[in-house]
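*Asks:* My structure file start-v1.cif, mmCIF, C-alpha atoms (C1' of nucleotides), is below:
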data_run
loop_
_atom_site.label_atom_id
_atom_site.label_comp_id
_atom_site.auth_asym_id
_atom_site.auth_seq_id
_atom_site.Cartn_x
_atom_site.Cartn_y
_atom_site.Cartn_z
CA MET A 1 90.46 127.84 58.32
CA GLY A 2 91.94 124.61 57.25
CA ASP A 3 90.14 121.57 56.06
CA SER A 4 86.51 121.08 56.74
CA GLN A 5 84.61 117.85 56.84
CA PRO A 6 85.28 115.63 53.86
CA ASP A 7 82.06 115.93 51.92
CA ALA A 8 81.61 112.67 50.12
CA GLY A 9 85.28 112.51 49.38
CA ALA A 10 86.02 114.30 46.17
CA ARG A 11 88.95 116.18 47.62
CA THR A 12 92.45 115.03 47.11
CA GLY A 13 93.77 116.37 50.38
CA ASP A 14 91.45 114.29 52.48
CA ASP A 15 92.19 111.02 50.84
CA GLN A 16 95.26 108.91 51.25
CA ALA A 17 97.52 111.29 49.46
CA LEU A 18 100.57 110.55 51.53
CA GLY A 19 103.51 110.55 49.21
CA PRO A 20 106.21 107.93 49.54
CA GLU A 21 108.44 110.46 51.22
CA GLU A 22 105.89 111.09 53.92
CA LEU A 23 105.12 107.43 54.46
CA ASP A 24 108.80 106.77 54.74
CA ALA A 25 109.30 109.57 57.23
CA TYR A 26 106.43 108.26 59.31
CA PHE A 27 107.60 104.68 59.41
CA VAL A 28 111.21 105.48 60.12
CA LEU A 29 110.16 107.90 62.82
CA MET A 30 108.14 105.27 64.62
CA GLU A 31 110.80 102.63 64.21
CA ALA A 32 113.67 104.78 65.40
CA VAL A 33 111.81 105.99 68.47
CA SER A 34 110.78 102.47 69.25
CA LEU A 35 114.38 101.31 69.13
CA LEU A 36 115.57 104.26 71.17
CA GLN A 37 112.96 103.71 73.81
CA HIS A 38 113.86 100.07 74.06
CA GLN A 39 117.53 100.83 74.62
CA VAL A 40 116.79 103.57 77.09
CA GLU A 41 114.61 101.21 79.03
CA GLN A 42 117.40 98.64 79.27
CA GLN A 43 119.72 101.29 80.63
CA LEU A 44 117.32 102.56 83.25
CA ARG A 45 116.44 99.09 84.38
CA ALA A 46 120.06 98.07 84.67
CA GLU A 47 121.29 101.16 86.45
CA GLY A 48 118.40 102.10 88.67
CA GLY A 49 115.75 99.41 88.48
CA LEU A 50 113.38 101.89 86.89
CA SER A 51 111.06 101.61 83.93
CA TYR A 52 110.90 104.45 81.47
CA VAL A 53 107.55 105.50 82.84
CA GLN A 54 108.86 105.64 86.37
CA PHE A 55 111.84 107.63 85.20
CA GLN A 56 109.55 110.09 83.48
CA LEU A 57 107.49 110.50 86.59
CA LEU A 58 110.54 111.15 88.73
CA ALA A 59 111.87 113.58 86.14
CA ARG A 60 108.64 115.48 86.13
CA LEU A 61 108.59 115.69 89.90
CA ALA A 62 112.24 116.65 90.10
CA SER A 63 111.91 119.47 87.64
CA ALA A 64 108.64 120.69 89.07
CA GLY A 65 110.41 121.68 92.27
CA GLY A 66 107.37 120.84 94.35
CA PRO A 67 104.42 118.51 94.72
CA LEU A 68 102.15 117.70 91.82
CA THR A 69 98.68 116.26 91.72
CA MET A 70 98.11 112.94 90.02
CA THR A 71 96.41 114.69 87.13
CA GLU A 72 99.29 117.08 86.63
CA LEU A 73 101.62 114.12 86.65
CA ALA A 74 99.51 112.33 84.08
CA ASP A 75 99.58 115.23 81.66
CA GLY A 76 102.58 114.92 79.44
CA VAL A 77 102.84 111.25 80.18
CA VAL A 78 100.10 109.77 78.10
CA TYR A 79 99.21 107.21 80.66
CA SER A 80 95.79 106.20 81.79
CA ARG A 81 94.81 107.29 85.24
CA SER A 82 94.65 103.79 86.56
CA GLY A 83 98.11 103.08 85.24
CA LEU A 84 99.38 106.14 87.00
CA THR A 85 97.81 105.01 90.25
CA TYR A 86 99.53 101.68 89.85
CA GLN A 87 102.94 103.18 89.16
CA ALA A 88 102.59 105.70 91.96
CA GLY A 89 101.87 102.80 94.26
CA LEU A 90 105.08 101.10 93.20
CA LEU A 91 107.16 104.25 93.57
CA GLU A 92 105.69 104.93 96.98
CA LYS A 93 106.39 101.40 98.12
CA ALA A 94 109.96 101.86 96.95
CA GLY A 95 110.22 105.01 99.00
CA LEU A 96 110.85 107.28 96.04
CA ILE A 97 107.73 109.39 96.39
CA THR A 98 105.06 110.10 98.97
CA ARG A 99 101.38 110.75 98.49
CA GLY A 100 99.37 113.05 100.67
CA PRO A 101 96.15 115.02 100.71
CA SER A 102 95.92 118.41 99.09
CA PRO A 103 94.95 121.38 101.27
CA ASP A 104 93.11 123.00 98.37
CA ASP A 105 91.07 120.10 97.16
CA ASP A 106 90.21 117.04 99.18
CA ARG A 107 89.81 114.95 96.08
CA SER A 108 93.35 115.56 94.95
CA THR A 109 96.42 113.63 95.92
CA LEU A 110 99.68 115.52 96.10
CA VAL A 111 102.72 113.58 95.03
CA THR A 112 106.12 114.58 96.39
CA ILE A 113 109.49 113.18 95.49
CA THR A 114 111.55 112.05 98.45
CA GLY A 115 115.24 112.53 99.05
CA THR A 116 115.76 108.92 98.11
CA GLY A 117 113.87 109.52 94.90
CA LEU A 118 115.91 112.57 94.04
CA ALA A 119 119.11 110.73 94.80
CA LEU A 120 118.17 107.80 92.60
CA PHE A 121 117.14 110.12 89.82
CA GLY A 122 120.43 111.95 90.02
CA ARG A 123 122.31 108.67 89.98
CA VAL A 124 120.47 107.40 86.91
CA LEU A 125 120.34 110.58 84.87
CA PRO A 126 123.94 110.62 83.61
CA GLY A 127 123.66 107.16 82.15
CA HIS A 128 120.38 108.04 80.59
CA VAL A 129 121.82 111.14 79.01
CA GLN A 130 124.78 109.17 77.83
CA VAL A 131 122.59 106.66 76.04
CA CYS A 132 120.66 109.46 74.38
CA ARG A 133 123.84 111.06 73.22
CA ARG A 134 125.28 107.86 71.91
CA LEU A 135 122.18 106.60 70.13
CA LEU A 136 120.31 109.72 69.16
CA PHE A 137 122.64 112.69 68.93
CA ASP A 138 125.84 111.08 67.81
CA PRO A 139 124.80 110.88 64.15
CA LEU A 140 123.22 114.36 64.16
CA THR A 141 124.60 117.82 63.57
CA GLY A 142 123.64 120.87 65.58
CA ASP A 143 121.34 121.91 62.78
CA ASP A 144 119.64 118.55 62.84
CA VAL A 145 118.91 118.90 66.51
CA GLY A 146 117.42 122.34 65.96
CA HIS A 147 115.24 121.07 63.15
CA LEU A 148 114.13 118.04 65.07
CA GLY A 149 113.19 120.06 68.11
CA GLY A 150 111.31 122.62 66.09
CA ILE A 151 109.47 120.05 64.03
CA MET A 152 108.40 117.88 66.92
CA THR A 153 107.39 120.88 68.99
CA ARG A 154 105.07 121.99 66.25
CA VAL A 155 103.66 118.50 65.90
CA ARG A 156 103.07 118.14 69.60
CA ASP A 157 101.39 121.50 69.96
CA HIS A 158 99.25 120.73 66.97
CA MET A 159 98.14 117.44 68.46
CA ARG A 160 97.44 118.93 71.84
CA ALA A 161 95.26 121.54 70.21
CA GLN A 162 93.32 118.93 68.27
CA PRO A 163 89.84 117.84 69.29
CA PRO A 164 90.67 114.73 71.28
CA ARG A 165 88.65 111.81 70.11
CA SER A 166 85.27 112.99 68.98
CA ALA A 167 86.72 113.08 65.51
CA ALA A 168 86.22 109.40 64.88
CA PRO A 169 85.29 109.47 61.23
CA ARG A 170 82.88 106.65 61.42
CA LYS A 171 81.63 103.97 63.69
CA ARG A 172 81.97 100.72 61.80
CA PRO A 173 81.25 97.40 63.44
CA GLN A 174 84.00 95.58 61.66
CA ARG A 175 85.58 92.23 62.04
CA MET B 1 126.98 124.60 59.02
CA GLY B 2 126.42 123.50 62.52
CA ASP B 3 129.33 122.89 64.73
CA SER B 4 131.20 119.84 63.77
CA GLN B 5 132.38 117.47 66.41
CA PRO B 6 135.62 119.23 67.16
CA ASP B 7 138.45 119.26 69.59
CA ALA B 8 140.18 116.28 70.96
CA GLY B 9 138.02 113.66 69.42
CA ALA B 10 138.41 110.96 71.97
CA ARG B 11 135.42 111.63 74.14
CA THR B 12 132.39 110.32 72.35
CA GLY B 13 129.59 109.51 74.70
CA ASP B 14 131.68 110.05 77.73
CA ASP B 15 130.71 113.54 78.74
CA GLN B 16 127.16 113.93 79.87
CA ALA B 17 126.87 117.42 78.49
CA LEU B 18 123.56 117.43 76.71
CA GLY B 19 122.66 121.04 76.08
CA PRO B 20 119.20 122.30 76.87
CA GLU B 21 118.38 122.30 73.19
CA GLU B 22 119.19 118.63 72.89
CA LEU B 23 117.32 117.66 76.01
CA ASP B 24 114.34 119.57 74.77
CA ALA B 25 114.48 117.90 71.37
CA TYR B 26 114.67 114.51 73.03
CA PHE B 27 111.75 115.03 75.36
CA VAL B 28 109.48 116.58 72.81
CA LEU B 29 110.33 113.81 70.36
CA MET B 30 109.32 111.12 72.79
CA GLU B 31 106.20 112.95 73.86
CA ALA B 32 104.97 113.70 70.36
CA VAL B 33 105.50 110.16 69.15
CA SER B 34 103.75 108.84 72.21
CA LEU B 35 100.75 111.02 71.52
CA LEU B 36 100.71 110.10 67.86
CA GLN B 37 100.90 106.42 68.58
CA HIS B 38 98.06 106.69 71.02
CA GLN B 39 95.80 108.39 68.50
CA VAL B 40 96.74 105.97 65.76
CA GLU B 41 95.89 103.10 68.02
CA GLN B 42 92.43 104.50 68.70
CA GLN B 43 91.82 104.77 64.99
CA LEU B 44 92.93 101.27 64.17
CA ARG B 45 90.93 99.79 66.99
CA ALA B 46 87.81 101.65 66.00
CA GLU B 47 87.99 100.96 62.30
CA GLY B 48 89.42 97.48 62.13
CA GLY B 49 89.64 96.04 65.61
CA LEU B 50 93.42 96.01 65.28
CA SER B 51 96.15 97.06 67.64
CA TYR B 52 99.08 99.00 66.28
CA VAL B 53 101.27 95.92 66.56
CA GLN B 54 98.85 93.84 64.58
CA PHE B 55 98.60 96.53 61.97
CA GLN B 56 102.37 96.62 61.68
CA LEU B 57 102.51 92.88 61.25
CA LEU B 58 99.90 92.92 58.51
CA ALA B 59 101.66 95.82 56.84
CA ARG B 60 104.92 93.95 56.85
CA LEU B 61 103.33 90.87 55.40
CA ALA B 62 101.40 92.83 52.81
CA SER B 63 104.44 94.66 51.56
CA ALA B 64 106.65 91.58 51.64
CA GLY B 65 104.59 90.02 48.90
CA GLY B 66 105.14 86.55 50.29
CA PRO B 67 105.50 84.51 53.45
CA LEU B 68 107.87 85.55 56.21
CA THR B 69 109.33 83.59 59.06
CA MET B 70 108.53 84.61 62.62
CA THR B 71 112.01 85.98 63.03
CA GLU B 72 111.79 88.09 59.91
CA LEU B 73 108.50 89.41 61.15
CA ALA B 74 109.99 90.27 64.50
CA ASP B 75 112.80 92.27 62.98
CA GLY B 76 111.69 95.81 62.51
CA VAL B 77 109.00 95.39 65.05
CA VAL B 78 110.87 95.53 68.31
CA TYR B 79 108.76 92.90 69.89
CA SER B 80 109.85 89.99 71.97
CA ARG B 81 109.56 86.60 70.40
CA SER B 82 106.96 85.43 72.85
CA GLY B 83 104.87 88.49 72.17
CA LEU B 84 105.04 87.80 68.49
CA THR B 85 103.89 84.23 69.04
CA TYR B 86 100.96 85.55 71.02
CA GLN B 87 99.95 88.09 68.39
CA ALA B 88 100.37 85.60 65.57
CA GLY B 89 98.04 83.31 67.46
CA LEU B 90 95.42 86.03 67.63
CA LEU B 91 95.76 86.95 63.98
CA GLU B 92 95.56 83.33 62.94
CA LYS B 93 92.48 82.76 65.03
CA ALA B 94 90.93 85.79 63.36
CA GLY B 95 91.70 84.32 59.96
CA LEU B 96 94.00 87.12 58.90
CA ILE B 97 97.14 85.03 58.59
CA THR B 98 98.11 81.37 58.40
CA ARG B 99 101.13 79.62 59.81
CA GLY B 100 102.80 76.70 58.18
CA PRO B 101 106.07 74.79 58.15
CA SER B 102 109.01 75.98 56.12
CA PRO B 103 110.39 73.68 53.43
CA ASP B 104 113.91 74.98 54.02
CA ASP B 105 114.09 74.75 57.77
CA ASP B 106 111.91 72.55 59.93
CA ARG B 107 112.35 74.85 62.89
CA SER B 108 110.92 77.84 61.09
CA THR B 109 107.29 78.83 60.82
CA LEU B 110 106.21 80.61 57.66
CA VAL B 111 103.55 83.25 58.10
CA THR B 112 101.29 84.12 55.20
CA ILE B 113 98.67 86.82 55.03
CA THR B 114 95.26 85.62 53.90
CA GLY B 115 92.85 87.30 51.53
CA THR B 116 90.81 88.34 54.52
CA GLY B 117 93.88 89.85 56.07
CA LEU B 118 94.77 91.75 52.95
CA ALA B 119 91.21 92.99 52.63
CA LEU B 120 91.11 94.20 56.21
CA PHE B 121 94.46 95.88 55.82
CA GLY B 122 93.27 97.65 52.71
CA ARG B 123 90.12 98.73 54.46
CA VAL B 124 91.98 100.15 57.44
CA LEU B 125 94.88 101.80 55.67
CA PRO B 126 93.11 104.91 54.37
CA GLY B 127 91.91 105.89 57.83
CA HIS B 128 95.35 105.26 59.22
CA VAL B 129 96.94 107.45 56.59
CA GLN B 130 94.37 110.11 57.20
CA VAL B 131 95.17 110.25 60.89
CA CYS B 132 98.86 110.53 60.11
CA ARG B 133 98.21 113.34 57.73
CA ARG B 134 95.98 115.19 60.13
CA LEU B 135 98.14 114.82 63.22
CA LEU B 136 101.67 114.58 61.92
CA PHE B 137 101.97 116.20 58.51
CA ASP B 138 99.41 118.94 58.73
CA PRO B 139 101.67 121.29 60.67
CA LEU B 140 104.75 120.44 58.60
CA THR B 141 106.15 121.83 55.38
CA GLY B 142 107.65 119.73 52.64
CA ASP B 143 111.09 120.68 53.85
CA ASP B 144 110.20 119.56 57.34
CA VAL B 145 109.19 116.15 56.07
CA GLY B 146 112.44 115.82 54.18
CA HIS B 147 114.46 116.81 57.21
CA LEU B 148 112.54 114.52 59.51
CA GLY B 149 112.92 111.56 57.21
CA GLY B 150 116.61 112.15 56.74
CA ILE B 151 117.30 112.69 60.39
CA MET B 152 115.42 109.67 61.62
CA THR B 153 116.85 107.46 58.92
CA ARG B 154 120.33 108.36 60.05
CA VAL B 155 119.40 107.73 63.66
CA ARG B 156 117.86 104.38 62.92
CA ASP B 157 120.75 103.18 60.82
CA HIS B 158 123.13 104.33 63.50
CA MET B 159 121.27 102.40 66.16
CA ARG B 160 120.99 99.28 64.06
CA ALA B 161 124.71 99.37 63.48
CA GLN B 162 125.41 99.71 67.18
CA PRO B 163 126.58 96.72 69.21
CA PRO B 164 123.26 95.48 70.48
CA ARG B 165 123.25 94.86 74.18
CA SER B 166 126.56 93.58 75.30
CA ALA B 167 127.74 97.14 75.24
CA ALA B 168 126.69 98.08 78.72
CA PRO B 169 129.06 101.00 79.18
CA ARG B 170 130.01 99.98 82.61
CA LYS B 171 129.12 97.30 85.02
CA ARG B 172 128.13 99.18 88.11
CA PRO B 173 126.54 97.07 90.81
CA GLN B 174 124.15 99.73 91.91
CA ARG B 175 121.74 99.53 94.77
"C1'" DA C 1 70.60 124.78 100.98
"C1'" DC C 2 69.90 121.59 97.49
"C1'" DC C 3 70.58 118.84 93.52
"C1'" DA C 4 72.77 117.52 89.17
"C1'" DG C 5 76.73 117.13 86.82
"C1'" DA C 6 81.81 117.58 86.70
"C1'" DT C 7 86.19 116.26 88.52
"C1'" DG C 8 90.02 113.43 90.99
"C1'" DC C 9 91.46 109.27 92.16
"C1'" DT C 10 91.16 104.22 93.00
"C1'" DT C 11 89.60 99.41 92.31
"C1'" DC C 12 88.64 95.67 89.33
"C1'" DG C 13 88.79 92.35 85.54
"C1'" DA C 14 90.54 91.48 81.04
"C1'" DA C 15 94.10 91.70 77.81
"C1'" DG C 16 98.92 92.48 76.37
"C1'" DT C 17 104.00 92.16 77.14
"C1'" DT C 18 108.20 90.25 78.76
"C1'" DG C 19 112.27 87.11 80.00
"C1'" DA C 20 113.40 82.66 81.21
"C1'" DA C 21 112.82 77.95 80.51
"C1'" DG C 22 111.78 74.25 77.31
"C1'" DC C 23 111.59 71.53 73.01
"C1'" DA C 24 112.97 70.50 68.44
"C1'" DT C 25 115.92 71.07 64.63
"C1'" DA C 26 120.28 72.69 62.36
"C1'" DT C 27 125.17 73.44 62.08
"C1'" DA C 28 130.00 72.96 62.95
"C1'" DG C 29 134.01 70.81 64.80
"C1'" DA C 30 136.47 66.62 66.27
"C1'" DT D 1 129.58 59.91 62.59
"C1'" DC D 2 128.93 61.98 66.95
"C1'" DT D 3 128.46 65.56 70.05
"C1'" DA D 4 128.30 70.40 71.55
"C1'" DT D 5 126.41 74.57 70.51
"C1'" DA D 6 123.39 77.67 68.07
"C1'" DT D 7 118.94 78.79 66.26
"C1'" DG D 8 113.60 79.05 65.80
"C1'" DC D 9 109.67 79.01 68.04
"C1'" DT D 10 106.44 78.12 71.95
"C1'" DT D 11 104.93 77.82 76.81
"C1'" DC D 12 104.71 79.71 81.34
"C1'" DA D 13 104.35 82.90 85.27
"C1'" DA D 14 104.86 87.53 86.66
"C1'" DC D 15 104.07 92.12 85.65
"C1'" DT D 16 102.01 96.15 83.29
"C1'" DT D 17 98.41 98.54 80.96
"C1'" DC D 18 93.87 99.85 79.90
"C1'" DG D 19 88.82 101.08 80.22
"C1'" DA D 20 84.80 100.80 82.87
"C1'" DA D 21 82.74 101.15 87.15
"C1'" DG D 22 82.79 103.11 91.68
"C1'" DC D 23 83.40 106.48 95.47
"C1'" DA D 24 84.16 110.94 97.28
"C1'" DT D 25 84.39 115.73 96.67
"C1'" DC D 26 83.67 120.10 94.24
"C1'" DT D 27 80.98 123.51 91.38
"C1'" DG D 28 77.20 125.98 89.50
"C1'" DG D 29 72.39 126.87 88.97
"C1'" DT D 30 68.01 127.40 91.39
#
I need this file expressed as structure tokens, please.

*Replies:*
Amino acid sequence: MGDSQPDAGARTGDDQALGPEELDAYFVLMEAVSLLQHQVEQQLRAEGGLSYVQFQLLARLASAGGPLTMTELADGVVYSRSGLTYQAGLLEKAGLITRGPSPDDDRSTLVTITGTGLALFGRVLPGHVQVCRRLLFDPLTGDDVGHLGGIMTRVRDHMRAQPPRSAAPRKRPQR
Amino acid sequence: MGDSQPDAGARTGDDQALGPEELDAYFVLMEAVSLLQHQVEQQLRAEGGLSYVQFQLLARLASAGGPLTMTELADGVVYSRSGLTYQAGLLEKAGLITRGPSPDDDRSTLVTITGTGLALFGRVLPGHVQVCRRLLFDPLTGDDVGHLGGIMTRVRDHMRAQPPRSAAPRKRPQR
DNA sequence: ACCAGATGCTTCGAAGTTGAAGCATATAGA
DNA sequence: TCTATATGCTTCAACTTCGAAGCATCTGGT
């Protein structure tokens, strides 16, 4: 078993022992992704009038090969439920998806991508991929890509396995 | 080792042939960072009443060791200028920064972090670092961290060197 | 069957973000 | 010098996001 609760903080591992290399990796990771996301968003907006979120939703529906519930759609896209409802409303109004009742569960809403939605997705995807290639993969070797994928997969799985939010170390009425 | 960019070298960014490995790396990268950012935000909010943006701004000011102009602050944080003005207003109202005129340029506003701001930053940083360690670095080896840092540094520098936004690959009046 | 709690989605109000427009100052060219 | 353009920041309106509250349905225990 890994680390247990920090008991009164005498352990070095629990404290802020992030070396400069780690801090650097963290900051540059966040910055680079932020830049990438910004550029991608420009592209999607210009070519298909879509936000990144909307693109993600369409991608998820397109690759699912069938209807998904709102909850299934929300998983993997970190969005709040209400935000998803809002975006689904926009996509439906634009004719890219439809929402209907689920036969299994009357509480659920099944979301289906329309032909229009699929067409738009297909029209936007090449440009999207091109931006990714140009900005992200151009300066990387094949080995880099393998490393990156492996590393981030481990990180993601680790985070998904983590106790969600009960781990707040302390409630401190600050500020 | 990996395959070098070979063949007739004239087709950078033109072919949309992202392999499954690259697509996977891209998606998992975006998802993992999204999750990480979300968790970090919870932490900052709970411990210091700060958003991630505000934390970044304080961090930048703290490490700068002196006042920065609004524009300097905006660089590195992808934010829009208006958003920065808004956040600076909040931070100033909270007493964490001050804004004053620049002696060199009457158009500029110099932002300085206050003692209160520095104190809050110092109080919040350990928790922030701890979350990073727990979520990001826990499942990684030292080699992983080195790779990640190197890879993302290259990506960031590549993007920063790229022609910013006039480079729309093609003007396609779509839809 | 019943009731309590869990689950799925939506509505609502508050807060954050953005791009365009606006104002003031700085800089460069004639 | 004078004027056109660029730069630095702010204001404004529209849009997006979030969390809490609300409603309807499902599940499990009795």

*Asks:* When the PyMOL selection byres ((chain A and resi 123-137) around 6) is applied to the structure above, which residues does it catch, written out as a ChimeraX atom specification?

*Replies:* /A:48,120-122,138-140 /B:13,16,155,159

*Asks:* Hey, list the chain D side of the contact with chain B: 12 Å cut-off, only C-alpha atoms (C1' of nucleotides), answer as a ChimeraX atom specification.

*Replies:* /D:7-12,18

*Asks:* Nearest to DT17 (chain D) among A:Leu96, A:Val78, A:Leu91, A:Met152, with distances taken over all atoms listed in the file: which residue is it?

*Replies:* A:Val78

*Asks:* Tell me, how big is the Cα RMSD between chain A and chain B, fit done by least squares on all Cα paired in order?

*Replies:* 3.7 Å

*Asks:* Quick one, how far is CA of Gln54 (chain B) from CA of Thr98 (chain B)?

*Replies:*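 These atoms are spaced 13.9 Å apart.
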
*Asks:* Suppose a student applies the PyMOL selection byres ((chain C) within 10 of (chain B)) to this structure; what residues should they get, written as an mmCIF file with C-alpha atoms (C1' of nucleotides), in the coordinates of the input?

*Replies:*
data_model
loop_
_atom_site.group_PDB
_atom_site.id
_atom_site.type_symbol
_atom_site.label_atom_id
_atom_site.label_comp_id
_atom_site.auth_asym_id
_atom_site.auth_seq_id
_atom_site.Cartn_x
_atom_site.Cartn_y
_atom_site.Cartn_z
ATOM 1 C "C1'" DG C 16 98.920 92.480 76.370
ATOM 2 C "C1'" DT C 17 104.000 92.160 77.140
ATOM 3 C "C1'" DT C 18 108.200 90.250 78.760
ATOM 4 C "C1'" DG C 19 112.270 87.110 80.000
ATOM 5 C "C1'" DA C 24 112.970 70.500 68.440
ATOM 6 C "C1'" DT C 25 115.920 71.070 64.630
ATOM 7 C "C1'" DA C 26 120.280 72.690 62.360
#

*Asks:* Using CA of Leu58 (chain B) and CA of Val111 (chain B) as the two end points, give the distance in Å to one decimal.

*Replies:*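 Atom-to-atom, CA of Leu58 (chain B) and CA of Val111 (chain B) are spaced 10.3 Å apart.
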
*Asks:* Ranking A:Gly149, A:Leu90, A:Arg160, A:Gln42 by minimum distance to chain B and counting all atoms listed in the file, which one comes first?

*Replies:*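 Closest to chain B of all the choices is A:Gly149.
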
*Asks:* Tell me which of A:Gly146, A:Pro67, A:Gly115, A:Gly89 sits closest to Val28 (chain B), counting all atoms listed in the file.

*Replies:*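 With all atoms listed in the file as the atom set, the closest residue is A:Gly146.
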
*Asks:* On this structure, which residues satisfy the PyMOL selection byres ((chain D and resi 24) around 10), written as a ChimeraX atom specification?

*Replies:* /A:106-107 /C:8-9 /D:22-23,25-26

*Asks:* What is the CA of Ile113 (chain B)-CA of Glu21 (chain A) distance in Å, reported with one decimal?

*Replies:*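 For CA of Ile113 (chain B) relative to CA of Glu21 (chain A), the distance reads 25.9 Å.
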
*Asks:* Pick the closest to chain A from B:Arg60, B:Glu41, B:Ala161, B:Arg156: which is it, counting only C-alpha atoms?

*Replies:*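 Answer, going by the shortest atom-to-atom distance: B:Arg156.
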
*Asks:* Using all atoms listed in the file, which residue out of A:Ala74, A:Leu23, A:Ile97, A:Val53 lies closest to DT16 (chain D)?

*Replies:*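 Selected residue with least distance to DT16 (chain D): A:Val53.
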
*Asks:* Which is closest to chain B among A:Pro20, A:Pro103, A:Gly142, A:Gly49, if we use only C-alpha atoms?

*Replies:*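 Of A:Pro20, A:Pro103, A:Gly142, A:Gly49, the one nearest chain B is A:Gly142, counting only C-alpha atoms.
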